[in-house]
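Colleague: Pasting my_file.cif here (mmCIF, C-alpha atoms):
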```cif
data_model
loop_
_atom_site.label_atom_id
_atom_site.label_comp_id
_atom_site.auth_asym_id
_atom_site.auth_seq_id
_atom_site.Cartn_x
_atom_site.Cartn_y
_atom_site.Cartn_z
CA VAL A 121 230.78 -42.29 -40.67
CA ILE A 122 230.27 -42.45 -36.91
CA VAL A 123 232.62 -39.51 -36.39
CA SER A 124 230.93 -37.42 -39.10
CA SER A 125 227.48 -38.28 -37.70
CA VAL A 126 228.55 -37.22 -34.20
CA ILE A 127 229.99 -33.99 -35.64
CA VAL A 128 226.72 -33.24 -37.46
CA PHE A 129 224.65 -33.90 -34.34
CA SER A 130 226.95 -31.82 -32.15
CA GLY A 131 226.97 -29.00 -34.71
CA VAL A 132 223.17 -28.93 -34.95
CA THR A 133 222.93 -28.90 -31.14
CA ALA A 134 225.35 -25.96 -30.89
CA LEU A 135 223.59 -24.03 -33.65
CA ALA A 136 220.14 -24.66 -32.14
CA ASP A 137 221.31 -23.46 -28.71
CA ALA A 138 222.96 -20.37 -30.21
CA LEU A 139 219.95 -19.53 -32.38
CA LEU A 140 217.14 -20.18 -29.90
CA VAL A 141 218.83 -19.68 -26.48
CA PRO A 142 215.92 -21.32 -24.59
CA ARG A 143 217.21 -20.21 -21.17
CA ASN A 144 217.66 -16.52 -22.02
CA ALA A 145 215.01 -14.78 -24.11
CA SER A 146 216.99 -11.53 -24.28
CA TRP A 147 219.74 -13.25 -26.29
CA ARG A 148 217.33 -15.01 -28.66
CA VAL A 149 217.73 -14.19 -32.34
CA PHE A 150 214.07 -14.76 -33.18
CA ASP A 151 211.09 -13.31 -31.37
CA LEU A 152 209.78 -16.57 -29.88
CA SER A 153 208.24 -17.52 -26.57
CA ASP A 154 210.19 -19.81 -24.24
CA GLY A 155 207.84 -22.71 -24.97
CA ALA A 156 208.21 -22.36 -28.73
CA ALA A 157 212.01 -22.03 -28.43
CA TRP A 158 212.31 -25.20 -26.32
CA ARG A 159 210.00 -27.18 -28.63
CA ILE A 160 211.84 -26.11 -31.80
CA ARG A 161 215.21 -26.87 -30.18
CA TRP A 162 214.23 -30.41 -29.22
CA LEU A 163 212.69 -31.10 -32.64
CA MET A 164 215.88 -29.88 -34.34
CA LEU A 165 217.90 -32.23 -32.14
CA TRP A 166 215.62 -35.19 -32.92
CA ILE A 167 215.87 -34.43 -36.65
CA ALA A 168 219.68 -34.41 -36.39
CA ALA A 169 219.54 -37.64 -34.35
CA VAL A 170 217.41 -39.41 -36.99
CA TYR A 171 219.81 -38.28 -39.70
CA SER A 172 222.91 -39.40 -37.76
CA ILE A 173 221.44 -42.78 -36.74
CA ASP A 174 220.33 -43.44 -40.31
CA GLN A 175 223.83 -42.72 -41.62
CA ILE A 176 225.39 -45.07 -39.04
CA LEU A 177 222.89 -47.87 -39.77
CA LYS A 178 223.42 -47.44 -43.50
CA GLU A 179 227.17 -47.91 -43.09
CA PHE A 180 226.66 -50.85 -40.73
CA ALA A 181 224.31 -52.55 -43.22
CA SER A 182 226.89 -52.22 -45.99
CA VAL A 183 229.60 -53.70 -43.76
CA ILE A 184 227.58 -56.81 -42.80
CA PHE A 185 226.08 -57.13 -46.31
CA ALA A 186 222.52 -56.84 -45.03
CA PRO A 187 219.72 -57.88 -47.43
CA LEU A 188 218.38 -55.17 -49.71
CA SER A 189 214.92 -55.46 -48.14
CA ILE A 190 216.32 -54.47 -44.73
CA THR A 191 218.14 -51.47 -46.21
CA ILE A 192 214.97 -50.33 -47.99
CA ALA A 193 212.89 -50.75 -44.83
CA GLN A 194 215.44 -48.77 -42.81
CA SER A 195 215.48 -45.95 -45.36
CA PHE A 196 211.68 -45.89 -45.46
CA LEU A 197 211.37 -45.67 -41.68
CA ALA A 198 214.05 -42.99 -41.48
CA GLY A 199 212.33 -40.93 -44.17
CA VAL A 200 208.91 -41.22 -42.51
CA ALA A 201 210.40 -40.35 -39.09
CA PHE A 202 212.21 -37.34 -40.55
CA ALA A 203 209.05 -36.13 -42.28
CA GLY A 204 207.03 -36.63 -39.08
CA LEU A 205 209.46 -34.54 -37.06
CA LEU A 206 209.43 -31.89 -39.78
CA VAL A 207 205.63 -31.76 -39.63
CA ALA A 208 205.77 -31.45 -35.82
CA LEU A 209 208.19 -28.55 -36.28
CA LEU A 210 205.82 -26.90 -38.75
CA ARG A 211 202.89 -27.29 -36.38
CA THR A 212 204.76 -25.43 -33.65
CA PRO A 213 203.11 -22.03 -33.06
CA PHE A 214 205.68 -19.29 -33.60
CA SER A 215 204.32 -17.29 -30.70
CA SER A 216 206.15 -14.10 -29.79
CA ALA A 217 207.80 -13.43 -26.47
CA ALA A 218 206.66 -10.49 -24.35
CA PRO A 219 208.37 -7.31 -25.57
CA LEU A 220 211.40 -6.30 -23.55
CA VAL A 221 211.28 -2.53 -22.93
CA PRO A 222 214.07 -0.94 -20.88
CA ALA A 223 212.90 0.89 -17.77
CA THR A 224 214.12 4.23 -19.15
CA GLU A 225 212.05 3.97 -22.32
CA THR A 226 208.39 4.34 -23.12
CA PRO A 227 206.73 1.46 -25.00
CA GLY A 228 206.14 2.44 -28.62
CA ALA A 229 208.41 5.49 -28.41
CA PRO A 230 210.81 6.01 -31.33
CA PRO A 231 214.52 5.36 -30.71
CA THR A 232 216.49 8.37 -29.58
CA GLY A 233 220.15 9.32 -29.35
CA ASP A 234 222.38 6.30 -29.78
CA GLN A 235 219.55 3.75 -29.69
CA LEU A 236 219.82 1.58 -32.77
CA ASP A 237 217.44 -0.51 -34.81
CA LEU A 238 220.24 -2.95 -35.61
CA PHE A 239 219.54 -4.97 -32.49
CA GLY A 240 216.59 -6.89 -31.12
CA PRO A 241 214.92 -10.19 -31.98
CA VAL A 242 213.63 -10.80 -35.49
CA ARG A 243 209.96 -11.55 -35.97
CA ILE A 244 209.32 -14.62 -38.10
CA GLU A 245 206.99 -14.45 -41.08
CA SER A 246 205.79 -18.02 -40.62
CA ARG A 247 204.27 -18.42 -44.07
CA TRP A 248 207.67 -17.97 -45.71
CA VAL A 249 209.12 -20.68 -43.46
CA ARG A 250 206.25 -23.15 -43.39
CA LEU A 251 205.29 -23.34 -47.07
CA PRO A 252 208.60 -24.61 -48.49
CA LEU A 253 209.10 -26.99 -45.54
CA TRP A 254 205.57 -28.40 -46.01
CA VAL A 255 206.50 -29.08 -49.64
CA VAL A 256 209.70 -30.82 -48.50
CA ALA A 257 207.89 -32.94 -45.87
CA ILE A 258 205.21 -34.04 -48.36
CA GLY A 259 207.92 -34.74 -50.95
CA ILE A 260 209.86 -36.97 -48.53
CA VAL A 261 206.77 -39.00 -47.58
CA GLY A 262 205.65 -39.24 -51.22
CA ALA A 263 209.08 -40.42 -52.38
CA ALA A 264 209.27 -43.02 -49.60
CA VAL A 265 205.74 -44.34 -50.26
CA LEU A 266 206.34 -44.57 -54.01
CA GLY A 267 209.51 -46.56 -53.42
CA TYR A 268 212.09 -43.83 -54.03
CA VAL A 269 213.66 -44.33 -50.62
CA SER A 270 217.10 -43.17 -51.75
CA LEU A 271 215.58 -39.88 -52.93
CA ALA A 272 213.76 -39.49 -49.60
CA ARG A 273 217.02 -40.11 -47.72
CA PHE A 274 218.92 -37.68 -49.95
CA ILE A 275 216.38 -34.88 -49.42
CA SER A 276 216.36 -35.49 -45.65
CA GLY A 277 220.13 -35.30 -45.45
CA GLN A 278 220.32 -32.15 -47.53
CA ILE A 279 217.73 -30.45 -45.34
CA VAL A 280 219.90 -31.12 -42.27
CA VAL A 281 223.16 -29.95 -43.85
CA THR A 282 221.72 -27.01 -45.81
CA GLY A 283 219.65 -25.96 -42.79
CA SER A 284 222.80 -25.94 -40.66
CA ILE A 285 224.56 -23.70 -43.18
CA ILE A 286 221.59 -21.31 -43.22
CA VAL A 287 221.48 -21.17 -39.40
CA ALA A 288 225.22 -20.45 -39.31
CA LEU A 289 224.66 -17.62 -41.81
CA ILE A 290 221.87 -16.18 -39.64
CA LEU A 291 224.14 -16.17 -36.59
CA LEU A 292 226.99 -14.55 -38.54
CA HIS A 293 224.52 -12.00 -39.89
CA HIS A 294 223.60 -10.96 -36.34
CA ALA A 295 227.25 -10.84 -35.32
CA VAL A 296 227.89 -8.45 -38.22
CA ARG A 297 224.89 -6.31 -37.19
CA ALA A 298 226.18 -6.17 -33.62
CA PHE A 299 229.61 -4.99 -34.78
CA ALA A 300 227.96 -2.43 -37.07
CA GLY A 301 226.07 -1.16 -34.03
CA ASP A 302 229.42 -0.58 -32.32
CA LEU A 303 230.42 1.64 -35.25
CA ILE A 304 227.46 3.91 -34.56
CA ASP A 305 227.21 3.98 -30.79
CA GLU A 306 229.69 6.41 -29.18
CA LYS A 307 229.48 4.44 -25.93
CA ASN A 308 231.51 1.68 -27.62
CA PRO A 309 235.25 2.10 -28.27
CA THR A 310 234.93 1.76 -32.06
CA GLY A 311 232.15 4.33 -32.36
CA LYS A 312 233.96 6.64 -29.95
CA TRP A 313 237.17 6.41 -31.99
CA LEU A 314 235.32 7.17 -35.25
CA ALA A 315 233.63 10.17 -33.61
CA GLU A 316 236.72 11.62 -31.93
CA GLN A 317 239.59 10.70 -34.26
CA ALA A 318 237.86 10.69 -37.67
CA GLY A 319 235.31 13.36 -36.77
CA LEU A 320 232.35 11.36 -38.12
CA ASN A 321 228.92 12.26 -36.79
CA GLN A 322 226.24 9.67 -36.11
CA SER A 323 224.61 10.04 -39.52
CA ARG A 324 227.88 9.29 -41.32
CA ARG A 325 228.71 6.42 -38.98
CA ARG A 326 225.27 4.93 -39.67
CA ARG A 327 225.89 5.07 -43.43
CA ILE A 328 229.27 3.41 -42.93
CA ALA A 329 227.65 0.70 -40.80
CA THR A 330 225.05 0.05 -43.52
CA ILE A 331 227.74 -0.30 -46.20
CA PHE A 332 229.74 -2.57 -43.88
CA ILE A 333 226.72 -4.82 -43.27
CA PHE A 334 225.96 -5.09 -46.98
CA THR A 335 229.58 -5.85 -47.95
CA VAL A 336 230.20 -8.50 -45.28
CA GLN A 337 226.84 -10.18 -45.87
CA LEU A 338 227.56 -10.34 -49.59
CA GLY A 339 230.85 -12.04 -48.77
CA LEU A 340 229.11 -14.54 -46.47
CA ILE A 341 226.58 -15.40 -49.18
CA LEU A 342 229.34 -15.91 -51.73
CA LEU A 343 231.12 -18.17 -49.24
CA ALA A 344 227.99 -20.22 -48.48
CA MET A 345 226.83 -20.67 -52.06
CA PRO A 346 229.54 -23.20 -53.07
CA LEU A 347 228.98 -25.19 -49.87
CA VAL A 348 225.24 -25.49 -50.53
CA LEU A 349 225.71 -26.35 -54.21
CA LEU A 350 228.30 -29.01 -53.43
CA GLN A 351 225.97 -30.57 -50.85
CA TRP A 352 223.22 -30.81 -53.48
CA GLY A 353 225.45 -32.78 -55.84
CA PHE A 354 226.98 -30.17 -58.13
CA ASP A 355 230.54 -30.87 -59.28
CA TRP A 356 233.29 -28.60 -57.99
CA PRO A 357 234.50 -27.56 -61.51
CA VAL A 358 230.96 -26.38 -62.34
CA VAL A 359 230.59 -24.52 -59.04
CA LYS A 360 234.05 -23.01 -59.46
CA SER A 361 233.23 -21.73 -62.95
CA TRP A 362 229.97 -20.14 -61.75
CA LEU A 363 231.71 -18.49 -58.80
CA SER A 364 234.55 -17.27 -61.00
CA ALA A 365 232.11 -15.73 -63.48
CA LEU A 366 230.19 -14.06 -60.64
CA LEU A 367 233.30 -12.61 -58.99
CA PHE A 368 235.51 -11.74 -61.96
CA GLY A 369 233.04 -10.76 -64.63
CA PHE A 370 229.77 -11.54 -66.36
CA LYS A 371 227.93 -9.60 -69.03
CA VAL A 372 224.45 -8.12 -68.90
CA GLY A 373 223.91 -7.06 -72.49
CA SER A 374 226.96 -5.04 -73.45
CA ILE A 375 227.88 -4.21 -69.84
CA GLU A 376 230.42 -6.36 -67.98
CA ILE A 377 229.94 -6.58 -64.23
CA SER A 378 232.65 -7.79 -61.84
CA LEU A 379 231.88 -8.03 -58.14
CA ALA A 380 235.57 -8.34 -57.30
CA ARG A 381 236.36 -5.05 -59.05
CA LEU A 382 233.43 -3.33 -57.37
CA LEU A 383 234.57 -4.55 -53.95
CA VAL A 384 238.18 -3.48 -54.58
CA ALA A 385 237.04 -0.08 -55.81
CA GLY A 386 234.77 0.34 -52.78
CA SER A 387 237.59 -0.66 -50.43
CA ILE A 388 240.00 1.84 -52.01
CA LEU A 389 237.37 4.60 -51.83
CA ALA A 390 236.63 3.80 -48.18
CA ALA A 391 240.34 3.74 -47.29
CA GLY A 392 240.87 7.06 -49.05
CA TYR A 393 237.91 8.61 -47.29
CA PHE A 394 239.04 7.45 -43.85
CA GLY A 395 242.63 8.48 -44.52
CA THR A 396 241.46 11.91 -45.61
CA ARG A 397 239.28 12.35 -42.52
CA LEU A 398 242.16 11.33 -40.24
CA LEU A 399 244.52 13.74 -42.02
CA GLN A 400 242.01 16.58 -41.70
CA ARG A 401 241.53 15.80 -38.03
CA SER A 402 245.30 15.75 -37.47
CA LEU A 403 245.73 19.11 -39.22
CA ASP A 404 242.90 20.60 -37.16
CA ARG A 405 244.65 19.59 -33.93
CA SER A 406 248.14 20.69 -34.93
CA MET A 407 248.73 23.20 -37.75
CA LEU A 408 245.28 24.74 -38.22
CA GLN A 409 244.64 25.83 -34.65
CA PRO A 410 243.94 29.56 -34.14
CA PRO A 411 245.61 31.99 -33.69
CA ARG A 412 248.32 30.24 -35.70
CA VAL A 413 246.13 30.13 -38.82
CA ASP A 414 243.14 32.28 -39.72
CA ALA A 415 239.79 30.43 -39.50
CA GLY A 416 238.96 31.10 -43.17
CA ILE A 417 242.35 29.88 -44.39
CA ALA A 418 242.11 26.80 -42.12
CA ASN A 419 238.71 25.95 -43.57
CA SER A 420 240.04 26.35 -47.13
CA ILE A 421 243.00 24.05 -46.39
CA ARG A 422 240.73 21.50 -44.77
CA THR A 423 238.37 21.54 -47.77
CA ALA A 424 241.25 21.26 -50.27
CA VAL A 425 242.70 18.28 -48.40
CA GLY A 426 239.28 16.65 -48.47
CA TYR A 427 238.89 17.09 -52.23
CA LEU A 428 242.44 15.90 -52.92
CA GLY A 429 242.04 12.83 -50.74
CA VAL A 430 238.71 11.75 -52.24
CA GLY A 431 239.95 12.54 -55.75
CA ALA A 432 243.16 10.53 -55.28
CA SER A 433 241.23 7.52 -54.00
#
```
Once more with this new file: its structure as structure tokens, please.
Modeller:
Amino acid sequence: VIVSSVIVFSGVTALADALLVPRNASWRVFDLSDGAAWRIRWLMLWIAAVYSIDQILKEFASVIFAPLSITIAQSFLAGVAFAGLLVALLRTPFSSAAPLVPATETPGAPPTGDQLDLFGPVRIESRWVRLPLWVVAIGIVGAAVLGYVSLARFISGQIVVTGSIIVALILLHHAVRAFAGDLIDEKNPTGKWLAEQAGLNQSRRRRIATIFIFTVQLGLILLAMPLVLLQWGFDWPVVKSWLSALLFGFKVGSIEISLARLLVAGSILAAGYFGTRLLQRSLDRSMLQPPRVDAGIANSIRTAVGYLGVGAS
């Protein structure tokens, strides 16, 4: 229990630092001022500390066979402390940081060239964050006051663990967006390779990046769903059956939908498209160069290879 509590506290600390980056606003995922970032970070750490200490004291009480009244009082205090910290977090103003505009750009000007809208801090719609957490905080206090201290402890623990999973997903989401930006920007090796070797212009690279973001994020959500459900008390056989139905087939009316088949089909189509583009590019640089081949004939061959490649995939 002590080891798991330390791991949870250390994990929350690492996730809070990676998400908020109090010392470097330019790396911050959310558009927050330095003061708001520091306050939210410390409140997240205190919430994790209350959770970890409560777990350790709970195990210690069971080892020494502490009276039930002491265990109930400990759970009540932990629940109230957790709810109080959650309320303090909700009362934090999500003030925005000053906009960072590069010296070569004009404020308010639309992006040009290889500038991408995949980067930059995300502005928080506070009402979508505050409302459900207010409900959770009131629920924890209400459960503790009414004597349902075990329920209050359970909800508190799930908020810590589920919140950590959500934060990890947010960070992975931004990592995926950053890699997708490399696919578009010719200043990066990946984007340069796609432009030079596959002959893809920026518009096509942007579409590929969008499909890549959607596919990887779908995979991350499917990976996180079982973890969240298991934390909330669902049995693994039930979760496994739901996941299996989602991946390998479920019916909507008379239509059967399988995410796994869709992903495999999309992967085959993407591989065929890229292979075709590389083959066309290779032919352009070797066999189809004038004056060896007439320009009209070269274009016909290139088009035929394209149709054959896409059709075969």
Colleague: Env of range 324-330 of chain A: 8 Å cut, atoms = all atoms listed in the file, seq-sep filter 3 positions within chain, self excluded. Answer as an MDAnalysis selection string.
Modeller: chainID A and resid 300:301 303:304 311 314 320:321 333:334
Colleague: Contacts of Val359 in chain A at 9 Å or less, counting all atoms listed in the file, minus same-chain residues fewer than 3 places along, as number ranges by chain?
Modeller: A: 345-346, 349-350, 354-356, 362-364
Colleague: Check which residues satisfy the PyMOL selection byres ((chain A and resi 380) around 12) in the file shown, then give them as an mmCIF file with C-alpha atoms, keeping the file's coordinate frame.
Modeller:
```cif
data_model
loop_
_atom_site.group_PDB
_atom_site.id
_atom_site.type_symbol
_atom_site.label_atom_id
_atom_site.label_comp_id
_atom_site.auth_asym_id
_atom_site.auth_seq_id
_atom_site.Cartn_x
_atom_site.Cartn_y
_atom_site.Cartn_z
ATOM 1 C CA THR A 335 229.580 -5.850 -47.950
ATOM 2 C CA LEU A 338 227.560 -10.340 -49.590
ATOM 3 C CA GLY A 339 230.850 -12.040 -48.770
ATOM 4 C CA LEU A 342 229.340 -15.910 -51.730
ATOM 5 C CA LEU A 363 231.710 -18.490 -58.800
ATOM 6 C CA SER A 364 234.550 -17.270 -61.000
ATOM 7 C CA ALA A 365 232.110 -15.730 -63.480
ATOM 8 C CA LEU A 366 230.190 -14.060 -60.640
ATOM 9 C CA LEU A 367 233.300 -12.610 -58.990
ATOM 10 C CA PHE A 368 235.510 -11.740 -61.960
ATOM 11 C CA GLY A 369 233.040 -10.760 -64.630
ATOM 12 C CA PHE A 370 229.770 -11.540 -66.360
ATOM 13 C CA ILE A 377 229.940 -6.580 -64.230
ATOM 14 C CA SER A 378 232.650 -7.790 -61.840
ATOM 15 C CA LEU A 379 231.880 -8.030 -58.140
ATOM 16 C CA ARG A 381 236.360 -5.050 -59.050
ATOM 17 C CA LEU A 382 233.430 -3.330 -57.370
ATOM 18 C CA LEU A 383 234.570 -4.550 -53.950
ATOM 19 C CA VAL A 384 238.180 -3.480 -54.580
ATOM 20 C CA ALA A 385 237.040 -0.080 -55.810
ATOM 21 C CA GLY A 386 234.770 0.340 -52.780
ATOM 22 C CA SER A 387 237.590 -0.660 -50.430
#
```
Colleague: To one decimal in Å, tell me the separation between CA of Leu340 in chain A and CA of Lys360 in chain A.
Modeller: 16.3 Å
Colleague: State, in Å with one decimal place, the distance from CA of Asp151 in chain A to CA of Val170 in chain A.
Modeller: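 Taking CA of Asp151 in chain A as the start and CA of Val170 in chain A as the end point, the length is 27.4 Å.
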Colleague: Do a neighbour search on Asp137 in chain A at 12 Å with all atoms listed in the file, toss out local chain neighbours closer than 6 positions, and write the hits as number ranges by chain.
Modeller: A: 130-131, 143-145, 147-149, 157-162, 164-165, 287-288, 291
Colleague: For range 348-362 of chain A, I'd like the enclosing box, axis-aligned and padded by 8 Å on every side, reported as JSON with centre and edge lengths in Å to one decimal.
Modeller:
```
{"center_x": 228.9, "center_y": -26.5, "center_z": -56.7, "size_x": 27.3, "size_y": 28.6, "size_z": 28.4}
```
Colleague: So, counting all atoms listed in the file, which residue among A:Ala198, A:Val123, A:Leu389, A:Ile341 is closest to Phe274 in chain A?
Modeller: A:Ala198
Colleague: So what do you get for CA of Pro309 in chain A versus CA of Gln322 in chain A, distance-wise?
Modeller: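 Rounded to one decimal, the two atoms are 14.1 Å apart.
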Colleague: Go through A:Val296, A:Ile122, A:Ala138, A:Leu206 one by one, measure the shortest atom-to-atom distance of each to Leu177 in chain A using all atoms listed in the file, and give the residue with the smallest value.
Modeller: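 Between A:Val296, A:Ile122, A:Ala138, A:Leu206, the residue approaching Leu177 in chain A most closely is A:Ile122.
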Colleague: Counting only C-alpha atoms, which residue out of A:Leu209, A:Phe214, A:Leu271, A:Ala136 sits closest to Leu152 in chain A?
Modeller: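 The closest residue to Leu152 in chain A is A:Phe214.
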Colleague: Given the file shown, enumerate the residues that the PyMOL selection byres ((chain A and resi 276-284) around 8) captures and present them as number ranges by chain.
Modeller: A: 131-132, 135, 167-168, 171, 199, 202, 260, 272-275, 285-288, 348, 351-352
